[in-house]
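Student: I'd like to ask you about the structure that follows.
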Amino acid sequence: QAPYQDAITPDLILLDINLPKVDGIEVLIHIKESKVLKRIPVIMLTTSSAEADILKSYNNHANCYITKPISLASFMDVVSTIEEFWVSLVQLPVKKI
């Protein structure tokens with residue numbers, strides 16, 4: 001929608017539940033209800049390990065849920081693993097409908 005109609009659609013979304021203004025689950029719901037955005041894989045990458053947050057994420061069609069590690073080195077390992085799996089191994093649709 002204007003003024004973003006020419007914006008590039010991402011191939012992958014990393015989403016935190018704890019956003020400053022809008023709850024990440026609300027953003028996830030919006031993404032998965034959108035005809036244009038719903039096929040984009042959404043990785044919930046958050047500090048919460050609460051079972052309720054995990055359940056809400058999967059119930060609203062998150063593609064995976066990862067709890068952020070505390071140390072920078074461990075976080076970088078997680079990011080590398082995400083990149084290896086979602087960018088190198090997974091085949092995503094080229095055409096967005």
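Scheme for the structure tokens: letters A, B, ... for chains in order shown; per-chain residue numbers from 1; ligand numbers from 1 in order shown.
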Within 10 Å of stretch 67-76 of chain A, counting only C-alpha atoms, which residues show up once you throw out same-chain ones fewer than 3 positions away? Write them as a list in words, please.
Tutor: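 Close residues of stretch 67-76 of chain A: Asp16, Met44, Leu45, Thr46, Thr47, Ser48, Ser49, Ala50, Ile54, Val79, Ser80, Thr81 and Ile82 of chain A.
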Student: Any chance you can output those residues with C-alpha atoms as a tab-separated table (two decimals), in the first residue's frame?
Tutor:
chain	number	residue	atom	x	y	z
A	16	ASP	CA	10.81	-10.50	18.11
A	44	MET	CA	10.36	-15.79	15.99
A	45	LEU	CA	13.73	-14.82	17.47
A	46	THR	CA	13.11	-13.58	20.97
A	47	THR	CA	14.28	-13.62	24.56
A	48	SER	CA	11.07	-15.25	25.77
A	49	SER	CA	11.10	-18.95	26.47
A	50	ALA	CA	7.56	-18.90	27.89
A	54	ILE	CA	5.84	-20.43	21.86
A	79	VAL	CA	22.38	-16.37	13.23
A	80	SER	CA	24.81	-18.49	11.20
A	81	THR	CA	22.59	-21.53	11.58
A	82	ILE	CA	19.52	-19.54	10.51
Student: Could you pull out all residues of chain A with a DSSP call of helix (DSSP H, G or I) and give them as a VMD selection string?
Tutor: chain A and resid 24 to 33 51 to 59 72 to 89
Student: Could you please determine the separation between atom CA of A:Ile66 and atom CA of A:Glu51 in Å, to one decimal place?
Tutor: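 These two atoms are separated by 12.1 Å.
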Student: In Å, rounded to a single decimal, give me how far atom CA of A:Ser34 is from atom CA of A:Pro10.
Tutor: 13.8 Å
Student: Calculated over only C-alpha atoms, which of the candidates A:Val22, A:Ile29, A:Arg39, A:Gln1 has the smallest distance to A:Leu92?
Tutor: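 Of A:Val22, A:Ile29, A:Arg39, A:Gln1, the one nearest A:Leu92 is A:Arg39, counting only C-alpha atoms.
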Student: Between atom CA of A:Ala52 and atom CA of A:Leu14, measure the distance and give it in Å to one decimal.
Tutor: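 Straight-line distance from atom CA of A:Ala52 to atom CA of A:Leu14 works out to 19.1 Å.
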Student: Just list the residues in stretch 30-94 of chain A DSSP gives strand (DSSP E or B) on the backbone, as a ChimeraX atom specification.
Tutor: /A:42-46,64-67
Student: May I have the residues from that selection written out with all heavy atoms, as a compact mmCIF listing (two decimals), in the first residue's frame?
Tutor:
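Result saved to again_5.txt:
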# COMPACT_ATOMS: atom_id res chain seq x y z
N VAL A 42 8.50 -16.79 8.72
CA VAL A 42 8.70 -15.91 9.87
C VAL A 42 9.35 -16.72 10.98
O VAL A 42 8.81 -17.73 11.44
CB VAL A 42 7.38 -15.31 10.38
CG1 VAL A 42 7.62 -14.45 11.61
CG2 VAL A 42 6.71 -14.48 9.27
N ILE A 43 10.53 -16.27 11.38
CA ILE A 43 11.26 -16.88 12.49
C ILE A 43 11.07 -15.98 13.71
O ILE A 43 11.43 -14.81 13.68
CB ILE A 43 12.76 -16.99 12.18
CG1 ILE A 43 12.97 -17.89 10.96
CG2 ILE A 43 13.53 -17.51 13.39
CD1 ILE A 43 14.38 -17.89 10.45
N MET A 44 10.47 -16.54 14.73
CA MET A 44 10.36 -15.79 15.99
C MET A 44 11.70 -15.94 16.70
O MET A 44 12.10 -17.05 17.06
CB MET A 44 9.21 -16.35 16.84
CG MET A 44 7.85 -16.35 16.17
SD MET A 44 7.31 -14.76 15.54
CE MET A 44 6.91 -13.90 17.04
N LEU A 45 12.40 -14.85 16.83
CA LEU A 45 13.73 -14.82 17.47
C LEU A 45 13.61 -13.86 18.63
O LEU A 45 13.61 -12.64 18.44
CB LEU A 45 14.78 -14.37 16.46
CG LEU A 45 16.22 -14.35 16.93
CD1 LEU A 45 16.69 -15.73 17.36
CD2 LEU A 45 17.14 -13.81 15.83
N THR A 46 13.50 -14.40 19.83
CA THR A 46 13.11 -13.58 20.97
C THR A 46 13.76 -14.07 22.25
O THR A 46 14.29 -15.18 22.30
CB THR A 46 11.57 -13.58 21.09
OG1 THR A 46 11.16 -12.72 22.14
CG2 THR A 46 11.03 -14.97 21.32
N CYS A 64 9.19 -21.03 12.74
CA CYS A 64 9.98 -21.61 13.81
C CYS A 64 10.13 -20.60 14.94
O CYS A 64 9.84 -19.42 14.78
CB CYS A 64 11.34 -22.12 13.32
SG CYS A 64 12.51 -20.87 12.87
N TYR A 65 10.53 -21.08 16.09
CA TYR A 65 10.66 -20.26 17.30
C TYR A 65 12.03 -20.53 17.89
O TYR A 65 12.36 -21.69 18.18
CB TYR A 65 9.57 -20.64 18.30
CG TYR A 65 9.45 -19.68 19.46
CD1 TYR A 65 8.45 -18.72 19.47
CD2 TYR A 65 10.33 -19.73 20.54
CE1 TYR A 65 8.33 -17.83 20.52
CE2 TYR A 65 10.21 -18.86 21.60
CZ TYR A 65 9.20 -17.91 21.59
OH TYR A 65 9.09 -17.02 22.63
N ILE A 66 12.82 -19.49 18.05
CA ILE A 66 14.17 -19.63 18.61
C ILE A 66 14.31 -18.63 19.75
O ILE A 66 14.02 -17.44 19.59
CB ILE A 66 15.24 -19.34 17.54
CG1 ILE A 66 15.09 -20.32 16.37
CG2 ILE A 66 16.64 -19.40 18.14
CD1 ILE A 66 15.97 -19.98 15.16
N THR A 67 14.77 -19.13 20.89
CA THR A 67 15.06 -18.24 22.02
C THR A 67 16.48 -17.72 21.85
O THR A 67 17.42 -18.50 21.66
CB THR A 67 14.92 -19.00 23.35
OG1 THR A 67 13.60 -19.55 23.42
CG2 THR A 67 15.14 -18.07 24.52
Student: With only C-alpha atoms as the basis for distance, which of A:Asn63, A:Asn18, A:Asp53, A:Gln5 is at the shortest distance from A:Val36?
Tutor: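 Checking each of A:Asn63, A:Asn18, A:Asp53, A:Gln5 against A:Val36, counting only C-alpha atoms, the winner is A:Gln5.
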Student: Check the smallest atom-to-atom distance from each of A:Asn60, A:Leu12, A:Ser88, A:Pro93 to A:Glu33 using only C-alpha atoms, then report the winner.
Tutor: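 Comparing A:Asn60, A:Leu12, A:Ser88, A:Pro93 against A:Glu33, the winner is A:Asn60.
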